[in-house]
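Next comes entry.txt, with compact mmCIF, C-alpha atoms.
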```txt
# COMPACT_ATOMS: atom_id res chain seq x y z
CA MET G 1 0.00 0.00 0.00
CA ILE G 2 2.85 2.38 0.76
CA TRP G 3 4.40 1.75 -2.66
CA VAL G 4 1.08 2.28 -4.44
CA THR G 5 0.49 5.53 -2.54
CA TRP G 6 3.99 6.75 -3.36
CA ARG G 7 3.56 5.94 -7.07
CA HIS G 8 0.20 7.68 -7.15
CA HIS G 9 1.18 10.87 -5.33
CA ARG G 10 4.91 11.13 -5.90
CA THR G 11 4.61 14.07 -8.30
CA SER G 12 2.77 16.35 -5.89
CA LEU G 13 5.02 15.21 -3.03
CA ILE G 14 8.27 15.76 -4.92
CA VAL G 15 7.17 19.16 -6.24
CA SER G 16 6.07 20.30 -2.77
CA LEU G 17 9.28 19.09 -1.13
CA GLY G 18 11.27 20.74 -3.91
CA ILE G 19 9.60 24.10 -3.28
CA ILE G 20 10.27 23.82 0.45
CA ALA G 21 13.90 22.87 -0.28
CA VAL G 22 14.33 25.93 -2.50
CA LEU G 23 12.92 28.17 0.23
CA ALA G 24 15.23 26.60 2.81
CA LEU G 25 18.26 26.96 0.53
CA THR G 26 17.34 30.61 -0.09
CA GLY G 27 17.18 31.16 3.65
CA LEU G 28 20.53 29.47 4.25
CA VAL G 29 22.33 31.38 1.51
CA GLY G 30 20.70 34.72 2.31
CA GLY G 31 21.31 34.33 6.03
CA ALA G 32 24.93 33.37 5.45
CA ILE G 33 25.51 36.44 3.24
CA ILE G 34 23.99 38.81 5.78
CA LYS G 35 25.73 37.26 8.79
CA SER G 36 29.10 37.31 7.05
CA ASP G 37 28.78 41.01 6.16
CA GLY G 38 29.46 42.18 9.70
CA SER G 39 29.25 45.85 8.78
CA GLY G 40 26.49 46.65 11.25
CA ARG G 41 24.47 48.40 8.58
CA PRO G 42 20.68 48.33 8.85
CA PHE G 43 18.61 46.18 6.54
CA GLY G 44 15.71 47.78 4.73
CA SER G 45 14.79 46.04 1.50
CA PHE G 46 11.13 47.14 1.73
CA PHE G 47 12.17 50.78 1.77
CA GLY G 48 15.44 50.66 -0.15
CA CYS G 49 18.86 49.26 0.67
CA PHE G 50 20.19 52.38 2.44
CA GLY G 51 23.69 52.05 1.01
CA ASN G 52 24.05 48.30 1.40
CA THR G 53 25.90 46.34 -1.26
CA THR G 54 24.02 44.64 -4.07
CA ALA G 55 24.63 41.22 -2.50
CA ILE G 56 23.27 42.30 0.89
CA CYS G 57 20.26 43.97 -0.68
CA ALA G 58 19.50 40.84 -2.72
CA ALA G 59 19.83 38.67 0.38
CA GLU G 60 17.44 40.90 2.32
CA THR G 61 14.88 40.82 -0.46
CA ALA G 62 15.15 37.05 -0.77
CA LEU G 63 14.72 36.52 2.97
CA THR G 64 11.75 38.87 3.06
CA ALA G 65 10.04 36.94 0.26
CA THR G 66 10.92 33.58 1.83
CA THR G 67 9.46 34.58 5.18
CA LEU G 68 6.20 35.78 3.68
CA ILE G 69 5.87 32.71 1.45
CA ALA G 70 6.53 30.44 4.42
CA THR G 71 3.64 31.98 6.37
CA MET G 72 1.28 31.08 3.51
CA LEU G 73 2.79 27.65 2.86
CA PRO G 74 0.19 25.79 4.99
CA VAL G 75 -2.62 27.52 3.08
CA PHE G 76 -1.40 26.31 -0.32
CA LEU G 77 -0.25 22.88 0.81
CA GLY G 78 -3.59 22.24 2.48
CA ALA G 79 -5.51 23.21 -0.63
CA LEU G 80 -3.26 21.76 -3.33
CA VAL G 81 -2.00 18.63 -1.59
CA GLY G 82 -4.24 17.88 1.38
CA VAL G 83 -7.35 18.08 -0.79
CA THR G 84 -6.08 16.41 -3.96
CA VAL G 85 -4.56 13.40 -2.20
CA PHE G 86 -8.13 12.23 -1.64
CA SER G 87 -10.34 14.20 -4.02
CA ARG G 88 -8.50 13.03 -7.13
CA ASP G 89 -9.19 9.38 -6.28
CA ILE G 90 -12.81 10.13 -5.44
CA GLU G 91 -13.52 12.14 -8.59
CA GLN G 92 -11.78 9.62 -10.85
CA GLY G 93 -13.35 6.67 -9.07
CA THR G 94 -9.98 5.01 -8.45
CA HIS G 95 -10.75 4.79 -4.73
CA VAL G 96 -13.14 1.97 -5.58
CA LEU G 97 -10.25 -0.33 -6.42
CA GLY G 98 -8.52 0.33 -3.13
CA LEU G 99 -11.61 0.03 -0.96
CA THR G 100 -12.75 -3.23 -2.60
CA GLN G 101 -9.44 -4.96 -1.97
CA SER G 102 -8.22 -6.42 1.30
CA VAL G 103 -7.00 -2.96 2.40
CA SER G 104 -9.17 -1.42 5.12
CA ARG G 105 -10.50 2.12 4.90
CA ALA G 106 -8.39 3.14 7.89
CA ARG G 107 -5.20 1.83 6.25
CA TRP G 108 -6.12 3.52 2.98
CA PHE G 109 -6.44 6.83 4.86
CA TRP G 110 -3.48 6.57 7.22
CA THR G 111 -1.08 5.41 4.52
CA ARG G 112 -1.65 8.69 2.68
CA VAL G 113 -1.12 10.60 5.90
CA LEU G 114 2.15 8.74 6.52
CA VAL G 115 3.54 8.86 2.98
CA VAL G 116 2.46 12.39 1.98
CA PHE G 117 1.51 14.47 5.02
CA VAL G 118 4.28 13.50 7.45
CA PRO G 119 7.23 14.28 5.09
CA LEU G 120 5.71 17.66 4.22
CA THR G 121 5.19 18.45 7.90
CA VAL G 122 8.80 17.59 8.76
CA ALA G 123 10.12 19.56 5.78
CA ALA G 124 8.04 22.62 6.73
CA ALA G 125 9.33 22.47 10.31
CA LEU G 126 12.93 22.30 9.06
CA LEU G 127 12.27 25.33 6.85
CA GLY G 128 10.94 27.15 9.91
CA PHE G 129 14.11 26.39 11.88
CA VAL G 130 16.22 27.68 9.00
CA LEU G 131 14.27 30.94 9.03
CA GLU G 132 14.72 31.19 12.80
CA TRP G 133 18.47 30.95 12.25
CA THR G 134 18.43 33.83 9.74
CA ARG G 135 16.93 36.13 12.37
CA ARG G 136 19.56 35.60 15.04
CA LEU G 137 22.06 38.37 15.52
CA PRO G 138 25.49 37.61 14.10
CA ALA G 139 28.28 37.71 16.65
CA ASN G 140 29.93 40.75 15.06
CA SER G 141 26.86 42.88 14.37
CA ASN G 142 24.21 44.83 16.24
CA PHE G 143 21.61 44.29 13.54
CA ALA G 144 19.28 41.45 12.58
CA PHE G 145 17.15 40.73 9.52
CA VAL G 146 13.58 41.80 10.16
CA ALA G 147 11.86 41.49 6.79
CA GLY G 148 12.81 44.88 5.49
CA ARG G 149 13.02 46.93 8.69
CA ALA G 150 16.14 48.36 10.22
CA THR G 151 16.56 47.66 13.92
CA PHE G 152 19.20 47.50 16.60
CA VAL G 153 17.43 44.67 18.43
CA ASP G 154 16.08 41.20 17.85
CA PRO G 155 12.87 41.09 15.79
CA PRO G 156 9.50 40.43 17.48
CA ASN G 157 9.35 36.68 16.92
CA LEU G 158 6.06 36.37 18.82
CA SER G 159 4.02 38.04 16.09
CA TYR G 160 3.30 37.81 12.36
CA PRO G 161 5.09 36.96 10.12
CA PHE G 162 7.95 35.62 12.25
CA PHE G 163 6.03 33.39 14.64
CA GLN G 164 4.02 31.58 11.96
CA SER G 165 7.12 31.00 9.83
CA SER G 166 9.20 29.53 12.68
CA GLY G 167 9.98 25.84 13.18
CA LEU G 168 7.41 24.20 15.45
CA ALA G 169 4.54 26.50 14.50
CA LEU G 170 5.14 26.17 10.75
CA GLY G 171 5.29 22.38 11.00
CA ALA G 172 2.12 22.17 13.11
CA TYR G 173 0.19 24.56 10.86
CA THR G 174 1.24 22.57 7.79
CA PHE G 175 -0.01 19.30 9.28
CA MET G 176 -3.26 20.94 10.40
CA ALA G 177 -3.85 22.37 6.92
CA LEU G 178 -3.22 19.01 5.25
CA ILE G 179 -5.65 17.25 7.59
CA LEU G 180 -8.27 19.96 7.10
CA GLY G 181 -7.89 19.64 3.32
CA ALA G 182 -8.30 15.86 3.56
CA ALA G 183 -11.40 16.19 5.75
CA LEU G 184 -13.05 18.65 3.36
CA ALA G 185 -12.15 16.50 0.35
CA LEU G 186 -13.87 13.49 1.94
CA LEU G 187 -16.90 15.55 2.94
CA VAL G 188 -17.43 17.93 0.01
CA ARG G 189 -16.40 15.49 -2.76
CA SER G 190 -15.47 18.43 -5.01
CA SER G 191 -11.86 19.50 -5.54
CA ILE G 192 -12.63 23.16 -6.26
CA GLY G 193 -15.07 23.51 -3.38
CA ALA G 194 -12.77 21.73 -0.93
CA MET G 195 -9.78 23.84 -2.01
CA ALA G 196 -11.67 27.10 -1.48
CA LEU G 197 -12.95 26.00 1.92
CA THR G 198 -9.51 24.79 2.95
CA MET G 199 -7.81 28.06 2.08
CA ALA G 200 -10.47 30.06 3.91
CA GLY G 201 -10.32 27.73 6.90
CA VAL G 202 -6.54 27.79 7.27
CA VAL G 203 -6.42 31.60 7.00
CA ALA G 204 -9.16 31.81 9.64
CA VAL G 205 -7.20 29.52 11.98
CA LEU G 206 -4.01 31.55 11.49
CA ALA G 207 -5.87 34.77 12.25
CA MET G 208 -7.63 33.25 15.26
CA PHE G 209 -4.38 32.19 16.89
CA GLN G 210 -2.68 35.51 16.09
CA PHE G 211 -5.37 37.82 17.42
CA VAL G 212 -7.42 35.73 19.87
CA VAL G 213 -5.49 32.79 21.28
CA ARG G 214 -1.77 33.60 21.38
CA PRO G 215 -2.02 36.79 23.51
CA HIS G 216 -3.31 34.60 26.38
CA TYR G 217 -0.49 32.03 26.54
CA ALA G 218 1.06 33.88 29.46
CA GLU G 219 0.32 36.76 31.79
CA LEU G 220 1.15 40.10 30.25
CA SER G 221 4.19 42.02 31.41
CA VAL G 222 3.51 45.68 32.19
CA GLU G 223 5.74 48.69 31.67
CA ALA G 224 4.29 51.59 33.66
CA SER G 225 5.32 55.23 33.34
CA PRO G 226 4.11 58.33 35.18
CA LEU G 227 2.12 61.13 33.64
CA ASP G 228 5.04 63.21 32.42
CA GLY G 229 6.68 63.94 29.11
CA SER G 230 8.12 60.45 28.72
CA SER G 231 4.69 58.81 28.91
CA ARG G 232 3.38 61.17 26.25
CA TYR G 233 6.24 60.44 23.86
CA SER G 234 6.01 56.66 24.36
CA SER G 235 2.67 56.61 22.54
CA TYR G 236 4.47 57.34 19.30
CA LEU G 237 6.74 54.32 19.50
CA GLY G 238 5.77 51.17 17.61
CA GLY G 239 5.17 47.85 19.28
CA TYR G 240 7.90 46.12 17.27
CA ASP G 241 10.93 47.74 18.81
CA GLN G 242 9.62 49.33 22.01
CA PHE G 243 11.05 46.55 24.18
CA GLY G 244 13.82 45.10 22.06
CA GLY G 245 11.70 42.60 20.16
CA ASP G 246 8.94 42.11 22.73
CA TRP G 247 5.36 41.80 21.48
CA GLU G 248 3.24 44.77 22.48
CA ILE G 249 -0.42 43.86 23.01
CA GLU G 250 -1.91 47.18 24.12
CA GLN G 251 -0.92 50.53 25.55
CA GLY G 252 -2.62 53.62 26.85
CA TYR G 253 -3.49 55.73 29.88
CA VAL G 254 -5.09 53.90 32.79
CA ASP G 255 -6.79 54.92 36.02
CA ILE G 256 -5.61 53.97 39.49
CA GLN G 257 -7.37 50.57 39.20
CA GLY G 258 -5.53 49.80 35.97
CA ASN G 259 -8.51 50.29 33.65
CA PHE G 260 -7.91 52.08 30.36
CA VAL G 261 -9.43 55.54 30.10
CA ASP G 262 -10.51 57.45 27.02
CA VAL G 263 -8.53 60.62 26.50
CA ASP G 264 -9.62 63.47 24.26
CA TYR G 265 -6.24 64.27 22.73
CA ASP G 266 -7.62 67.31 20.92
CA GLU G 267 -8.64 68.78 24.25
CA CYS G 268 -5.25 67.96 25.80
CA THR G 269 -3.23 69.35 22.91
CA TRP G 270 -1.07 72.24 24.03
CA ASN G 271 -1.41 75.34 21.84
CA GLY G 272 1.67 77.18 22.98
CA SER G 273 2.07 80.53 24.69
CA GLY G 274 0.08 82.58 22.21
CA ASP G 275 2.88 82.97 19.69
CA GLU G 276 2.13 81.81 16.18
CA ASN G 277 5.31 79.73 16.04
CA PRO G 278 6.56 79.42 19.64
CA TYR G 279 9.26 76.90 18.74
CA ASP G 280 10.94 79.14 16.15
CA GLN G 281 13.97 81.09 17.27
CA ARG G 282 13.27 84.80 17.52
CA PRO G 283 15.52 87.28 15.72
CA GLU G 284 16.68 88.92 18.95
CA GLU G 285 17.39 85.65 20.76
CA THR G 286 20.81 84.16 21.24
CA GLY G 287 21.28 80.43 21.09
CA ALA G 288 21.45 80.15 24.87
CA GLU G 289 18.32 82.27 25.33
CA TYR G 290 16.45 80.16 22.76
CA THR G 291 17.42 76.94 24.55
CA ILE G 292 16.25 78.26 27.91
CA ARG G 293 12.92 79.45 26.46
CA ILE G 294 12.25 76.12 24.75
CA ASP G 295 13.03 74.25 27.96
CA VAL G 296 10.50 76.40 29.78
CA LEU G 297 7.91 75.85 27.02
CA MET G 298 8.40 72.08 27.09
CA ALA G 299 8.12 71.98 30.87
CA GLN G 300 4.89 73.99 30.75
CA GLN G 301 3.56 71.74 28.02
CA ASP G 302 4.24 68.65 30.13
CA ARG G 303 2.55 70.19 33.18
CA ASP G 304 -0.54 71.20 31.20
CA MET G 305 -0.70 67.77 29.58
CA GLU G 306 -0.51 66.05 32.97
CA VAL G 307 -3.30 68.22 34.36
CA CYS G 308 -5.52 67.45 31.38
CA LEU G 309 -4.84 63.71 31.61
CA ARG G 310 -5.68 63.64 35.30
CA GLU G 311 -8.93 65.48 34.58
CA HIS G 312 -9.78 62.56 32.28
CA GLY G 313 -9.16 60.12 35.12
CA ALA G 314 -5.70 58.93 34.06
CA ASP G 315 -3.26 57.95 36.79
CA HIS G 316 -0.35 56.63 34.71
CA ARG G 317 0.48 55.06 31.36
CA GLU G 318 0.89 51.32 30.76
CA ILE G 319 2.34 49.30 27.91
CA ARG G 320 1.35 45.64 28.16
CA TYR G 321 3.43 43.13 26.27
CA HIS G 322 4.82 39.62 26.07
CA SER G 323 8.56 39.29 26.57
CA SER G 324 10.57 37.98 23.61
CA ASP G 325 12.29 35.41 25.83
CA GLN G 326 9.00 33.46 25.90
CA PHE G 327 9.32 32.62 22.21
CA ARG G 328 10.09 28.90 22.63
CA ARG G 329 7.36 28.48 25.25
CA PHE G 330 4.84 30.11 22.93
CA GLN G 331 6.01 27.94 20.02
CA VAL G 332 5.53 24.72 21.98
CA THR G 333 2.16 25.88 23.30
CA GLU G 334 0.82 26.88 19.91
CA ALA G 335 2.17 23.79 18.16
CA ALA G 336 0.44 21.60 20.76
CA LEU G 337 -2.85 23.46 20.38
CA VAL G 338 -2.70 23.29 16.59
CA LEU G 339 -2.00 19.55 16.72
CA VAL G 340 -5.00 19.12 19.03
CA LEU G 341 -7.04 21.05 16.47
CA SER G 342 -5.67 18.71 13.78
CA GLY G 343 -6.94 15.78 15.84
CA MET G 344 -10.37 17.41 15.95
CA PHE G 345 -10.31 17.72 12.16
CA MET G 346 -9.59 13.99 12.04
CA ILE G 347 -13.10 13.29 13.35
CA PRO G 348 -15.01 14.65 10.31
CA ALA G 349 -12.30 13.21 8.04
CA LEU G 350 -12.83 9.69 9.40
CA TRP G 351 -16.57 10.20 9.34
CA GLY G 352 -16.40 11.18 5.66
CA LEU G 353 -14.15 8.18 5.03
CA ARG G 354 -16.73 5.90 6.61
CA ARG G 355 -19.48 7.32 4.41
CA LEU G 356 -17.38 6.92 1.28
CA LYS G 357 -18.95 4.25 -0.90
CA PRO G 358 -16.68 1.88 -2.87
```
Here is a file; write its structure as structure tokens.
Amino acid sequence: MIWVTWRHHRTSLIVSLGIIAVLALTGLVGGAIIKSDGSGRPFGSFFGCFGNTTAICAAETALTATTLIATMLPVFLGALVGVTVFSRDIEQGTHVLGLTQSVSRARWFWTRVLVVFVPLTVAAALLGFVLEWTRRLPANSNFAFVAGRATFVDPPNLSYPFFQSSGLALGAYTFMALILGAALALLVRSSIGAMALTMAGVVAVLAMFQFVVRPHYAELSVEASPLDGSSRYSSYLGGYDQFGGDWEIEQGYVDIQGNFVDVDYDECTWNGSGDENPYDQRPEETGAEYTIRIDVLMAQQDRDMEVCLREHGADHREIRYHSSDQFRRFQVTEAALVLVLSGMFMIPALWGLRRLKP
């Protein structure tokens, strides 16, 4: 049965493994080029190379594309392989031969899982570990590849697209997508319909874990700051590099109980001291006088801002986030949950298999 399954599905399996191998090779070569550069220059292929050499720029672009393709790999494998491994036999009627022989339905199903799904799952996980390696800081540089963004810190591996394209998560999502595709193929009995449902289902699962499930794997860490100038400026910083690669979940002004409060920023905007352009240097001012006046203006602005915030009920500012050092814990947790979900998809798959008439 294993040999028959291999002969029947070897084309789709070889092509899929070949694509994954090309992505992994691209990651290895691109990562090696970037890590060997050692110049400490920022990477920014989405917004230009910022003076990097042609080789470095090409490596950045290749790694960016590889990362994004890897996040969508489960979607396409589930639709193009998970579905067709069963739907092609059903639509062509060749499943009749297998089910009327001495081979049981369970063996007919599990042999395809073993021969086709397991190698693709392992290959996807290996690709994910390769991509993890490309994101680690080289020993002689302060920079890391972050899909087109320049940064002095490790990238936020807990969020999209890095988390989904990393080893354990990518392998688990691939297996889940293949099982979902198989279940829909056995239930819908239409390749096109099953493919469309599989793609929609896998995207929905990816989004559900990203926005609903993953933020609750651990208790949030909290960075609190008082109502002064620093808390006001922190609102302009992005969640990606606020904490050196930590994953920001939410931020804002909170009351003394820790509940977020709504702030009318238009009302709290400081309009200056009556001058049309209070921050411009006046013709009669010396440099020292200008510096002193601006310091006074900024201090007054901070005081007025604090008064306004307290009138709105704010006590301090909080940024709630997950620490980047929880990456492996989150990977194991999500991989386990996705595999449990895969087991749940097995139930309708086996039910559809049982209803399948020879």
For this session: Using all atoms listed in the file, pick whichever of G:Phe162, G:Trp247, G:Trp108, G:Phe330 has the shortest atom-to-atom distance to G:Trp133.
Result: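 Going through G:Phe162, G:Trp247, G:Trp108, G:Phe330 one by one, the smallest distance to G:Trp133 is for G:Phe162.
If you look at atom CA of G:Ser190 and atom CA of G:Val338, they are 25.6 Å away from each other.
Considering the residues G:Val203, G:Cys57, G:Met346, G:Cys308 and counting only C-alpha atoms, G:Leu187 has its shortest atom-to-atom contact with G:Met346.
Around the point (-6.4, 51.8, 28.1), within 12 Å and counting all atoms listed in the file, we find these residues: Ser235, Ile249, Glu250, Gln251, Gly252, Tyr253, Val254, Asp255, Ile256, Gln257, Gly258, Asn259, Phe260, Val261, Asp262, Val263, Gly313, Ala314, Asp315, His316, Arg317, Glu318, Ile319 and Arg320 of chain G.
In this structure, atom CA of G:Ala106 sits 20.6 Å away from atom CA of G:Leu120.
When atom CA of G:Asp264 is paired with atom CA of G:His312, their separation reads 8.1 Å.
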Problem set entry | Residue with smallest distance to G:Ser36 - pool G:Gln331, G:Thr11, G:Thr134, G:Thr121, counting all atoms listed in the file |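 Looking at the shortest contact to G:Ser36, the residue is G:Thr134.
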For this session: Identify, on the basis of all atoms listed in the file, every residue whose closest approach to G:Thr111 does not exceed 12 Å; exclude the query and any residue fewer than 2 positions from it along the same chain; express the result as JSON, numbers by chain.
Result: {"G": [1, 2, 3, 4, 5, 6, 8, 9, 85, 86, 98, 103, 104, 105, 106, 107, 108, 109, 113, 114, 115, 116, 117, 118]}
Problem set entry | From G:Val29, G:Leu77, G:Ala218, G:Leu353, residue lying nearest G:Ala62 [all atoms listed in the file] | G:Val29
For this session: Would you list the residues near (-0.1, 70.6, 35.8) (no more than 12 Å away, in the coordinates of the file, using all atoms listed in the file) as JSON, numbers by chain?
Result: {"G": [227, 228, 229, 268, 270, 299, 300, 301, 302, 303, 304, 305, 306, 307, 308, 309, 310, 311]}
So that I have them on file, write out the residues from the current selection with C-alpha atoms, as a CSV table (one decimal), in the coordinates of the input.
```csv
chain,number,residue,atom,x,y,z
G,227,LEU,CA,2.1,61.1,33.6
G,228,ASP,CA,5.0,63.2,32.4
G,229,GLY,CA,6.7,63.9,29.1
G,268,CYS,CA,-5.2,68.0,25.8
G,270,TRP,CA,-1.1,72.2,24.0
G,299,ALA,CA,8.1,72.0,30.9
G,300,GLN,CA,4.9,74.0,30.8
G,301,GLN,CA,3.6,71.7,28.0
G,302,ASP,CA,4.2,68.6,30.1
G,303,ARG,CA,2.6,70.2,33.2
G,304,ASP,CA,-0.5,71.2,31.2
G,305,MET,CA,-0.7,67.8,29.6
G,306,GLU,CA,-0.5,66.0,33.0
G,307,VAL,CA,-3.3,68.2,34.4
G,308,CYS,CA,-5.5,67.4,31.4
G,309,LEU,CA,-4.8,63.7,31.6
G,310,ARG,CA,-5.7,63.6,35.3
G,311,GLU,CA,-8.9,65.5,34.6
```
For this session: Would you mind telling me which residue in G:Gly27, G:Thr54, G:Thr291, G:Ser87 lies nearest to G:Val188 when using all atoms listed in the file?
Result: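 For G:Val188, the nearest of the candidates is G:Ser87.
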For this session: Could you tell me which of G:Leu73, G:Ala32, G:Ala79, G:Ala196 comes closest to G:Ala182 if we count all atoms listed in the file?
Result: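 For G:Ala182, the nearest of the candidates is G:Ala79.
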With N, CA, C and O atoms as the goal, would you fill in the gaps in stretch 321-341 of chain G and present it as a tab-separated table (two decimals), in the coordinates of the input?
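This is the output file part_3.tsv:
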```tsv
chain	number	residue	atom	x	y	z
G	321	TYR	N	2.72	43.85	27.33
G	321	TYR	CA	3.43	43.13	26.27
G	321	TYR	C	3.83	41.75	26.75
G	321	TYR	O	3.77	41.43	27.94
G	322	HIS	N	4.23	40.92	25.77
G	322	HIS	CA	4.82	39.62	26.07
G	322	HIS	C	6.32	39.70	25.77
G	322	HIS	O	6.73	40.15	24.70
G	323	SER	N	7.11	39.23	26.70
G	323	SER	CA	8.56	39.29	26.57
G	323	SER	C	9.04	38.35	25.47
G	323	SER	O	8.52	37.24	25.31
G	324	SER	N	10.04	38.78	24.71
G	324	SER	CA	10.57	37.98	23.61
G	324	SER	C	11.23	36.70	24.08
G	324	SER	O	11.37	35.75	23.30
G	325	ASP	N	11.64	36.63	25.35
G	325	ASP	CA	12.29	35.41	25.83
G	325	ASP	C	11.30	34.26	26.06
G	325	ASP	O	11.69	33.16	26.43
G	326	GLN	N	10.00	34.51	25.81
G	326	GLN	CA	9.00	33.46	25.90
G	326	GLN	C	8.72	32.80	24.55
G	326	GLN	O	7.78	32.02	24.42
G	327	PHE	N	9.56	33.10	23.58
G	327	PHE	CA	9.32	32.62	22.21
G	327	PHE	C	9.18	31.11	22.15
G	327	PHE	O	8.22	30.57	21.59
G	328	ARG	N	10.14	30.36	22.74
G	328	ARG	CA	10.09	28.90	22.63
G	328	ARG	C	8.88	28.35	23.37
G	328	ARG	O	8.23	27.40	22.89
G	329	ARG	N	8.55	28.92	24.51
G	329	ARG	CA	7.36	28.48	25.25
G	329	ARG	C	6.11	28.68	24.41
G	329	ARG	O	5.24	27.80	24.34
G	330	PHE	N	6.00	29.83	23.77
G	330	PHE	CA	4.84	30.11	22.93
G	330	PHE	C	4.80	29.16	21.73
G	330	PHE	O	3.72	28.73	21.31
G	331	GLN	N	5.96	28.86	21.15
G	331	GLN	CA	6.01	27.94	20.02
G	331	GLN	C	5.49	26.56	20.40
G	331	GLN	O	4.68	25.96	19.69
G	332	VAL	N	5.97	26.05	21.52
G	332	VAL	CA	5.53	24.72	21.98
G	332	VAL	C	4.04	24.73	22.29
G	332	VAL	O	3.30	23.81	21.91
G	333	THR	N	3.58	25.79	22.95
G	333	THR	CA	2.16	25.88	23.30
G	333	THR	C	1.29	25.92	22.06
G	333	THR	O	0.30	25.18	21.95
G	334	GLU	N	1.65	26.75	21.10
G	334	GLU	CA	0.82	26.88	19.91
G	334	GLU	C	0.88	25.63	19.05
G	334	GLU	O	-0.15	25.19	18.50
G	335	ALA	N	2.06	25.03	18.93
G	335	ALA	CA	2.17	23.79	18.16
G	335	ALA	C	1.29	22.71	18.77
G	335	ALA	O	0.60	21.96	18.05
G	336	ALA	N	1.28	22.60	20.10
G	336	ALA	CA	0.44	21.60	20.76
G	336	ALA	C	-1.04	21.86	20.51
G	336	ALA	O	-1.81	20.94	20.21
G	337	LEU	N	-1.44	23.13	20.61
G	337	LEU	CA	-2.85	23.46	20.38
G	337	LEU	C	-3.26	23.20	18.94
G	337	LEU	O	-4.37	22.71	18.67
G	338	VAL	N	-2.38	23.52	18.01
G	338	VAL	CA	-2.70	23.29	16.59
G	338	VAL	C	-2.78	21.80	16.29
G	338	VAL	O	-3.63	21.35	15.51
G	339	LEU	N	-1.93	21.00	16.91
G	339	LEU	CA	-2.00	19.55	16.72
G	339	LEU	C	-3.28	18.98	17.33
G	339	LEU	O	-3.87	18.04	16.78
G	340	VAL	N	-3.71	19.53	18.47
G	340	VAL	CA	-5.00	19.12	19.03
G	340	VAL	C	-6.12	19.46	18.06
G	340	VAL	O	-7.05	18.67	17.84
G	341	LEU	N	-6.04	20.66	17.46
G	341	LEU	CA	-7.04	21.05	16.47
G	341	LEU	C	-7.00	20.11	15.27
G	341	LEU	O	-8.05	19.76	14.71
```
